[in-house]
file my_file_8.cif (mmCIF, C-alpha atoms)
data_structure
loop_
_atom_site.label_atom_id
_atom_site.label_comp_id
_atom_site.auth_asym_id
_atom_site.auth_seq_id
_atom_site.Cartn_x
_atom_site.Cartn_y
_atom_site.Cartn_z
CA MET B 1 -1.72 51.97 16.21
CA ALA B 2 0.95 49.31 15.73
CA LYS B 3 0.13 46.45 13.42
CA GLU B 4 -0.71 43.31 15.39
CA GLU B 5 1.62 40.40 14.80
CA TRP B 6 0.39 36.83 14.66
CA LEU B 7 2.29 33.75 15.71
CA TYR B 8 0.78 31.67 12.90
CA GLU B 9 -0.99 32.65 9.72
CA ILE B 10 -3.30 30.12 8.09
CA LYS B 11 -3.67 30.59 4.36
CA PRO B 12 -3.95 28.43 1.21
CA LYS B 13 -0.70 26.97 -0.03
CA GLY B 14 0.80 29.02 -2.81
CA LYS B 15 3.40 26.54 -4.02
CA LEU B 16 2.78 23.54 -6.20
CA ILE B 17 4.87 21.34 -3.91
CA ASP B 18 4.53 22.42 -0.30
CA LEU B 19 5.48 19.85 2.31
CA ASN B 20 6.16 21.71 5.53
CA LEU B 21 7.95 19.06 7.57
CA GLN B 22 8.52 21.47 10.44
CA GLU B 23 4.79 22.08 10.75
CA ILE B 24 4.04 18.36 10.48
CA TRP B 25 6.54 17.69 13.25
CA ARG B 26 4.80 20.28 15.41
CA TYR B 27 1.56 18.31 14.97
CA ARG B 28 3.22 14.93 15.54
CA ASP B 29 0.97 14.19 18.52
CA LEU B 30 -2.06 14.52 16.28
CA LEU B 31 -0.45 12.22 13.73
CA VAL B 32 0.10 9.58 16.44
CA LEU B 33 -3.52 10.02 17.60
CA PHE B 34 -4.80 9.47 14.05
CA ILE B 35 -2.67 6.33 13.69
CA LYS B 36 -4.03 4.93 16.97
CA ARG B 37 -7.57 5.76 15.88
CA ASP B 38 -7.18 3.95 12.56
CA ILE B 39 -5.77 0.84 14.24
CA VAL B 40 -8.32 0.63 17.06
CA THR B 41 -11.49 1.43 15.12
CA VAL B 42 -10.98 -0.97 12.19
CA TYR B 43 -12.30 -4.03 14.03
CA LYS B 44 -13.93 -2.35 16.99
CA GLN B 45 -17.10 -4.10 18.17
CA THR B 46 -16.30 -7.24 16.17
CA ILE B 47 -16.29 -10.76 17.57
CA LEU B 48 -12.79 -11.75 16.48
CA GLY B 49 -11.26 -8.27 16.63
CA PRO B 50 -7.56 -8.13 15.69
CA LEU B 51 -7.64 -11.80 14.69
CA TRP B 52 -8.99 -10.60 11.34
CA PHE B 53 -5.48 -9.30 10.67
CA LEU B 54 -4.41 -12.96 10.61
CA ILE B 55 -7.48 -14.65 9.17
CA GLN B 56 -7.71 -12.60 5.97
CA PRO B 57 -4.26 -13.35 4.48
CA LEU B 58 -4.28 -16.98 5.67
CA PHE B 59 -7.69 -17.72 4.20
CA THR B 60 -6.86 -15.92 0.95
CA GLY B 61 -3.55 -17.76 0.73
CA VAL B 62 -5.31 -21.13 1.05
CA VAL B 63 -7.87 -20.20 -1.62
CA PHE B 64 -5.17 -19.00 -4.02
CA THR B 65 -3.19 -22.20 -3.45
CA LEU B 66 -6.19 -24.37 -4.25
CA ILE B 67 -7.34 -22.44 -7.31
CA PHE B 68 -4.12 -21.27 -8.98
CA ASN B 69 -1.70 -24.03 -7.99
CA LYS B 70 -3.84 -27.14 -7.61
CA VAL B 71 -6.53 -26.43 -10.23
CA ALA B 72 -4.75 -24.16 -12.72
CA GLY B 73 -1.46 -26.02 -12.30
CA ILE B 74 0.82 -23.00 -11.79
CA GLU B 75 4.22 -24.16 -10.51
CA ASN B 76 6.52 -22.13 -8.26
CA ILE B 77 10.03 -23.51 -8.96
CA GLY B 78 10.41 -25.59 -5.82
CA ILE B 79 8.88 -23.04 -3.44
CA PRO B 80 5.90 -24.23 -1.33
CA ASP B 81 2.77 -22.89 -3.01
CA PHE B 82 1.17 -21.52 0.14
CA LEU B 83 4.36 -19.73 1.21
CA PHE B 84 4.80 -18.29 -2.28
CA ASN B 85 1.25 -16.90 -2.26
CA LEU B 86 1.52 -15.61 1.30
CA VAL B 87 4.60 -13.54 0.43
CA GLY B 88 2.78 -11.80 -2.43
CA LEU B 89 -0.37 -11.28 -0.37
CA THR B 90 1.40 -9.47 2.49
CA LEU B 91 2.69 -6.71 0.22
CA TRP B 92 -0.40 -6.53 -1.98
CA SER B 93 -2.74 -6.24 1.01
CA TYR B 94 -0.71 -3.35 2.38
CA PHE B 95 -0.73 -1.54 -0.97
CA LYS B 96 -4.45 -2.10 -1.54
CA GLU B 97 -5.58 -0.94 1.88
CA SER B 98 -3.21 2.06 1.91
CA LEU B 99 -4.47 3.20 -1.48
CA ASN B 100 -8.11 2.67 -0.52
CA ALA B 101 -7.77 4.61 2.72
CA THR B 102 -5.68 7.43 1.25
CA SER B 103 -8.03 7.95 -1.69
CA ASN B 104 -10.82 8.66 0.80
CA ALA B 105 -8.77 11.03 3.00
CA PHE B 106 -10.80 14.17 2.22
CA ARG B 107 -14.26 12.65 2.54
CA SER B 108 -13.56 10.65 5.71
CA ASN B 109 -12.18 13.73 7.48
CA ALA B 110 -14.46 16.39 5.97
CA THR B 111 -16.17 17.25 9.28
CA LEU B 112 -12.87 17.64 11.08
CA PHE B 113 -11.30 19.63 8.24
CA GLY B 114 -14.19 22.10 8.36
CA LYS B 115 -13.77 22.84 12.09
CA VAL B 116 -10.08 22.98 12.97
CA TYR B 117 -6.78 23.58 11.25
CA PHE B 118 -3.92 21.13 11.08
CA PRO B 119 -1.63 20.10 8.21
CA ARG B 120 -3.96 18.21 5.88
CA PHE B 121 -1.12 15.95 4.77
CA ILE B 122 -1.37 14.26 8.18
CA ALA B 123 -4.64 12.60 7.12
CA PRO B 124 -3.27 10.46 4.24
CA ALA B 125 0.05 9.97 6.03
CA SER B 126 -1.70 8.47 9.06
CA LYS B 127 -3.54 5.97 6.84
CA VAL B 128 -0.34 4.69 5.30
CA LEU B 129 1.54 4.55 8.62
CA SER B 130 -1.29 2.81 10.47
CA GLY B 131 -1.33 0.20 7.70
CA LEU B 132 2.23 -0.70 8.66
CA PHE B 133 0.85 -2.12 11.93
CA LYS B 134 -1.28 -4.66 10.08
CA TYR B 135 1.52 -5.34 7.63
CA GLY B 136 3.86 -6.01 10.56
CA ILE B 137 1.47 -8.61 12.03
CA GLN B 138 1.11 -10.34 8.67
CA LEU B 139 4.88 -10.22 8.21
CA LEU B 140 5.29 -12.01 11.54
CA ILE B 141 2.87 -14.74 10.42
CA LEU B 142 4.81 -15.05 7.17
CA ILE B 143 8.08 -15.48 9.05
CA LEU B 144 6.54 -18.18 11.27
CA PHE B 145 5.43 -20.17 8.22
CA TYR B 146 8.82 -19.56 6.63
CA VAL B 147 10.55 -21.04 9.68
CA TYR B 148 8.08 -23.94 9.68
CA TYR B 149 8.95 -24.92 6.10
CA VAL B 150 12.66 -24.63 6.83
CA TYR B 151 12.17 -26.89 9.86
CA GLN B 152 10.39 -29.38 7.58
CA GLY B 153 13.53 -29.55 5.43
CA ILE B 154 12.27 -27.41 2.53
CA GLU B 155 15.15 -25.59 0.82
CA VAL B 156 14.00 -22.00 1.21
CA ARG B 157 16.05 -19.12 2.50
CA PRO B 158 16.15 -15.36 1.83
CA SER B 159 18.47 -13.67 -0.63
CA ILE B 160 21.61 -11.88 0.55
CA TYR B 161 19.85 -8.73 -0.67
CA PHE B 162 17.06 -9.15 1.87
CA PRO B 163 17.66 -5.66 3.45
CA LEU B 164 16.26 -4.25 0.18
CA LEU B 165 12.90 -5.20 1.67
CA LEU B 166 12.85 -1.73 3.26
CA VAL B 167 13.40 -0.07 -0.12
CA ILE B 168 10.55 -2.00 -1.71
CA ILE B 169 8.20 -1.12 1.16
CA LEU B 170 9.18 2.53 0.76
CA ASN B 171 8.37 2.26 -2.96
CA VAL B 172 4.91 0.90 -2.15
CA ILE B 173 4.32 3.65 0.42
CA LEU B 174 5.21 6.39 -2.08
CA ILE B 175 3.08 4.91 -4.86
CA ALA B 176 0.06 4.21 -2.65
CA MET B 177 0.18 7.64 -1.02
CA GLY B 178 0.81 9.52 -4.26
CA LEU B 179 -1.89 7.75 -6.25
CA GLY B 180 -4.24 7.92 -3.27
CA MET B 181 -3.83 11.69 -2.93
CA ILE B 182 -4.60 12.09 -6.64
CA LEU B 183 -7.72 9.96 -6.39
CA SER B 184 -8.83 11.77 -3.22
CA ALA B 185 -9.15 14.94 -5.27
CA PHE B 186 -11.69 13.22 -7.54
CA THR B 187 -13.64 11.33 -4.87
CA THR B 188 -14.57 14.64 -3.23
CA LYS B 189 -16.60 15.54 -6.34
CA TYR B 190 -17.57 12.14 -7.69
CA ARG B 191 -18.48 9.82 -4.85
CA ASP B 192 -19.18 6.80 -7.02
CA LEU B 193 -15.46 6.70 -7.83
CA THR B 194 -14.96 5.11 -4.41
CA ILE B 195 -16.84 2.04 -5.63
CA LEU B 196 -14.89 2.06 -8.90
CA ILE B 197 -11.56 2.19 -7.04
CA GLY B 198 -12.43 -0.85 -4.94
CA PHE B 199 -13.60 -2.78 -8.00
CA SER B 200 -10.53 -1.80 -10.03
CA LEU B 201 -8.15 -2.89 -7.25
CA ASN B 202 -9.75 -6.33 -7.18
CA LEU B 203 -9.15 -6.66 -10.92
CA LEU B 204 -5.66 -5.19 -10.70
CA MET B 205 -4.63 -7.91 -8.26
CA TYR B 206 -4.85 -10.51 -11.04
CA LEU B 207 -2.59 -8.41 -13.28
CA SER B 208 -0.01 -7.74 -10.56
CA ALA B 209 1.59 -11.19 -10.24
CA VAL B 210 0.36 -11.65 -6.67
CA MET B 211 -0.20 -15.41 -6.95
CA TYR B 212 2.23 -16.33 -9.74
CA SER B 213 5.72 -15.42 -10.95
CA LEU B 214 6.40 -13.41 -14.09
CA ASP B 215 7.98 -16.46 -15.70
CA ALA B 216 4.83 -18.50 -15.07
CA ALA B 217 2.69 -15.69 -16.50
CA LYS B 218 4.86 -15.50 -19.60
CA ASP B 219 4.59 -19.24 -20.11
CA LYS B 220 0.82 -19.42 -19.56
CA LEU B 221 -0.42 -16.21 -21.16
CA LYS B 222 1.98 -15.96 -24.12
CA ASP B 223 0.43 -13.28 -26.41
CA TYR B 224 -1.41 -11.65 -23.49
CA TYR B 225 1.65 -11.37 -21.25
CA TRP B 226 2.07 -7.71 -22.22
CA ALA B 227 -0.82 -6.80 -19.87
CA ILE B 228 1.31 -7.93 -16.93
CA GLU B 229 4.68 -6.91 -18.33
CA TRP B 230 3.59 -3.26 -18.53
CA ASN B 231 2.18 -3.27 -15.02
CA PRO B 232 4.83 -1.75 -12.68
CA LEU B 233 3.16 -3.32 -9.63
CA ALA B 234 3.84 -6.78 -11.05
CA HIS B 235 7.55 -6.01 -11.23
CA ILE B 236 7.57 -4.57 -7.71
CA LEU B 237 5.89 -7.70 -6.33
CA GLU B 238 8.32 -9.90 -8.25
CA SER B 239 11.22 -7.98 -6.70
CA TYR B 240 9.70 -8.38 -3.26
CA ARG B 241 9.27 -12.09 -3.75
CA SER B 242 12.75 -12.60 -5.23
CA ILE B 243 14.47 -11.33 -2.08
CA TRP B 244 12.50 -13.81 0.05
CA PHE B 245 13.68 -16.80 -1.97
CA ASN B 246 17.30 -17.16 -2.99
CA ASN B 247 16.46 -19.66 -5.76
CA MET B 248 14.91 -16.75 -7.66
CA ASP B 249 17.11 -14.18 -9.35
CA VAL B 250 16.72 -10.74 -7.74
CA HIS B 251 14.38 -8.77 -9.96
CA TRP B 252 16.30 -5.50 -10.01
CA GLU B 253 14.00 -3.99 -12.61
CA GLY B 254 11.14 -3.88 -10.14
CA ILE B 255 13.25 -2.06 -7.54
CA TYR B 256 14.38 0.60 -10.01
CA VAL B 257 10.92 1.01 -11.54
CA GLY B 258 9.28 1.12 -8.11
CA LEU B 259 11.61 3.79 -6.78
CA GLY B 260 11.30 6.00 -9.85
CA LEU B 261 7.54 5.61 -10.09
CA GLY B 262 7.15 6.12 -6.35
CA VAL B 263 8.97 9.46 -6.32
CA ILE B 264 7.05 10.72 -9.36
CA MET B 265 3.67 9.61 -8.03
CA PHE B 266 4.31 11.06 -4.57
CA PHE B 267 5.19 14.55 -5.77
CA LEU B 268 2.44 14.53 -8.39
CA GLY B 269 -0.03 13.47 -5.72
CA LEU B 270 1.24 16.19 -3.38
CA ILE B 271 0.64 18.84 -6.07
CA VAL B 272 -2.93 17.67 -6.67
CA PHE B 273 -3.59 17.30 -2.95
CA ASN B 274 -2.40 20.86 -2.20
CA ARG B 275 -4.54 22.32 -4.97
CA THR B 276 -7.64 20.41 -3.87
CA GLU B 277 -7.12 21.37 -0.24
CA LYS B 278 -8.02 25.00 -1.02
CA THR B 279 -11.54 24.31 -2.28
CA PHE B 280 -12.57 20.78 -1.35
CA ILE B 281 -14.64 21.84 1.68
CA ASP B 282 -17.03 23.63 -0.72
CA THR B 283 -17.67 20.50 -2.77
CA VAL B 284 -17.39 17.56 -0.37
#

call {"tool": "encode", "arguments": {"input": "my_file_8.cif", "output": "structure tokens"}}
result
Amino acid sequence: MAKEEWLYEIKPKGKLIDLNLQEIWRYRDLLVLFIKRDIVTVYKQTILGPLWFLIQPLFTGVVFTLIFNKVAGIENIGIPDFLFNLVGLTLWSYFKESLNATSNAFRSNATLFGKVYFPRFIAPASKVLSGLFKYGIQLLILILFYVYYVYQGIEVRPSIYFPLLLVIILNVILIAMGLGMILSAFTTKYRDLTILIGFSLNLLMYLSAVMYSLDAAKDKLKDYYWAIEWNPLAHILESYRSIWFNNMDVHWEGIYVGLGLGVIMFFLGLIVFNRTEKTFIDTV
């Protein structure tokens, strides 16, 4: 009797780094479906719906302006305080929500993973890609305020290196996805880590130069500045902000650090994710 041949064979990944792009492309329709699901269900059955995409950064930006600029007296070298804070918030919000969603990729899809096969990498990838939709809306709001301040005669304009915005966003995607895939391996076993991740991200925001520049932090914190100096996210956010305002020197260090860290974190996360994929259904 001739041995039966199969079109596809489903088996655990044997390589440390196994990213089958051809297989992911074959399941591209599922990836698009996941992205649509993540976008639609976030504010489903809410009163304001998608308006929350706008309200959250605007409200936070106003609060940061009042507390850090008006009360704490942090100055932003001629840049309107609200606009300065809004720039940092757009990138930070995208990083935070991408990391949060990716770190919960196994648990949130456990039922689906246990019933059907598809490339598991699609789950965290869809979270990061769907987050770009919200980031795009917030970016549009940022541009509108940017134009408003220019119309008011405020001397603000982007750097000639503004196209590097795409590189910085790619850095954030790689870091958020890589770190999220690593954390997802632990949240399958230890569910209280989900609470710890959310709490840690709230604290990390204050060490990531979201609402102040590195120069301001160095001037205010002095001996404690090392806590921010050694935080790569602070340098990435400073780079992001420096290409929005030409009166700031482009922070090249953040671009280099972000790209290097992003590549390392992504492949490290992929290794951990592939190893966890083999056994997570028994522990989740």

call {"tool": "resolve_selection", "arguments": {"input": "my_file_8.cif", "expression": "the PyMOL selection byres ((chain B and resi 233) around 12)", "output": "PDB file with C-alpha atoms, in the coordinates of the input"}}
result
ATOM      1  CA  GLY B  88       2.780 -11.800  -2.430  1.00  0.00           C
ATOM      2  CA  LEU B  91       2.690  -6.710   0.220  1.00  0.00           C
ATOM      3  CA  TRP B  92      -0.400  -6.530  -1.980  1.00  0.00           C
ATOM      4  CA  PHE B  95      -0.730  -1.540  -0.970  1.00  0.00           C
ATOM      5  CA  LYS B  96      -4.450  -2.100  -1.540  1.00  0.00           C
ATOM      6  CA  ILE B 168      10.550  -2.000  -1.710  1.00  0.00           C
ATOM      7  CA  ASN B 171       8.370   2.260  -2.960  1.00  0.00           C
ATOM      8  CA  VAL B 172       4.910   0.900  -2.150  1.00  0.00           C
ATOM      9  CA  ILE B 175       3.080   4.910  -4.860  1.00  0.00           C
ATOM     10  CA  ALA B 176       0.060   4.210  -2.650  1.00  0.00           C
ATOM     11  CA  LEU B 201      -8.150  -2.890  -7.250  1.00  0.00           C
ATOM     12  CA  LEU B 204      -5.660  -5.190 -10.700  1.00  0.00           C
ATOM     13  CA  MET B 205      -4.630  -7.910  -8.260  1.00  0.00           C
ATOM     14  CA  TYR B 206      -4.850 -10.510 -11.040  1.00  0.00           C
ATOM     15  CA  LEU B 207      -2.590  -8.410 -13.280  1.00  0.00           C
ATOM     16  CA  SER B 208      -0.010  -7.740 -10.560  1.00  0.00           C
ATOM     17  CA  ALA B 209       1.590 -11.190 -10.240  1.00  0.00           C
ATOM     18  CA  VAL B 210       0.360 -11.650  -6.670  1.00  0.00           C
ATOM     19  CA  LEU B 214       6.400 -13.410 -14.090  1.00  0.00           C
ATOM     20  CA  ALA B 227      -0.820  -6.800 -19.870  1.00  0.00           C
ATOM     21  CA  ILE B 228       1.310  -7.930 -16.930  1.00  0.00           C
ATOM     22  CA  GLU B 229       4.680  -6.910 -18.330  1.00  0.00           C
ATOM     23  CA  TRP B 230       3.590  -3.260 -18.530  1.00  0.00           C
ATOM     24  CA  ASN B 231       2.180  -3.270 -15.020  1.00  0.00           C
ATOM     25  CA  PRO B 232       4.830  -1.750 -12.680  1.00  0.00           C
ATOM     26  CA  ALA B 234       3.840  -6.780 -11.050  1.00  0.00           C
ATOM     27  CA  HIS B 235       7.550  -6.010 -11.230  1.00  0.00           C
ATOM     28  CA  ILE B 236       7.570  -4.570  -7.710  1.00  0.00           C
ATOM     29  CA  LEU B 237       5.890  -7.700  -6.330  1.00  0.00           C
ATOM     30  CA  GLU B 238       8.320  -9.900  -8.250  1.00  0.00           C
ATOM     31  CA  SER B 239      11.220  -7.980  -6.700  1.00  0.00           C
ATOM     32  CA  TYR B 240       9.700  -8.380  -3.260  1.00  0.00           C
ATOM     33  CA  GLU B 253      14.000  -3.990 -12.610  1.00  0.00           C
ATOM     34  CA  GLY B 254      11.140  -3.880 -10.140  1.00  0.00           C
ATOM     35  CA  ILE B 255      13.250  -2.060  -7.540  1.00  0.00           C
ATOM     36  CA  TYR B 256      14.380   0.600 -10.010  1.00  0.00           C
ATOM     37  CA  VAL B 257      10.920   1.010 -11.540  1.00  0.00           C
ATOM     38  CA  GLY B 258       9.280   1.120  -8.110  1.00  0.00           C
ATOM     39  CA  LEU B 259      11.610   3.790  -6.780  1.00  0.00           C
ATOM     40  CA  LEU B 261       7.540   5.610 -10.090  1.00  0.00           C
ATOM     41  CA  GLY B 262       7.150   6.120  -6.350  1.00  0.00           C
TER      42      GLY B 262
END

call {"tool": "resolve_selection", "arguments": {"input": "my_file_8.cif", "expression": "the PyMOL selection byres ((chain B and resi 24) around 12)", "output": "ChimeraX atom specification"}}
result
/B:18-23,25-32,118-123,125-126

call {"tool": "atom_distance", "arguments": {"input": "my_file_8.cif", "atom1": "atom CA of B:Thr102", "atom2": "atom CA of B:Ile35"}}
result
12.8 Å

call {"tool": "resolve_selection", "arguments": {"input": "my_file_8.cif", "expression": "the PyMOL selection byres ((chain B and resi 194) around 12)", "output": "PyMOL selection string"}}
result
chain B and resi 99-108+180+183-193+195-201

call {"tool": "residues_around", "arguments": {"input": "my_file_8.cif", "residues": "stretch 133-145 of chain B", "least_positions_apart": "3", "cutoff": "7 Å", "atoms": "only C-alpha atoms", "output": "list in words"}}
result
Phe53, Leu54, Leu86, Val87, Thr90, Tyr94, Ser130, Tyr148 and Tyr149 of chain B

call {"tool": "write_last_selection", "arguments": {"input": "my_file_8.cif", "atoms": "C-alpha atoms", "output": "short mmCIF file (atom, residue, chain, number, x, y, z; two decimals), in the frame of the given file"}}
result
data_model
loop_
_atom_site.label_atom_id
_atom_site.label_comp_id
_atom_site.auth_asym_id
_atom_site.auth_seq_id
_atom_site.Cartn_x
_atom_site.Cartn_y
_atom_site.Cartn_z
CA PHE B 53 -5.48 -9.30 10.67
CA LEU B 54 -4.41 -12.96 10.61
CA LEU B 86 1.52 -15.61 1.30
CA VAL B 87 4.60 -13.54 0.43
CA THR B 90 1.40 -9.47 2.49
CA TYR B 94 -0.71 -3.35 2.38
CA SER B 130 -1.29 2.81 10.47
CA TYR B 148 8.08 -23.94 9.68
CA TYR B 149 8.95 -24.92 6.10
#

call {"tool": "closest_residue", "arguments": {"input": "my_file_8.cif", "among": "B:Gly131, B:Pro158, B:Pro124, B:Gly73", "to": "B:Val250", "atoms": "only C-alpha atoms"}}
result
B:Pro158

call {"tool": "atom_distance", "arguments": {"input": "my_file_8.cif", "atom1": "atom CA of B:Phe84", "atom2": "atom CA of B:Tyr146"}}
result
9.9 Å
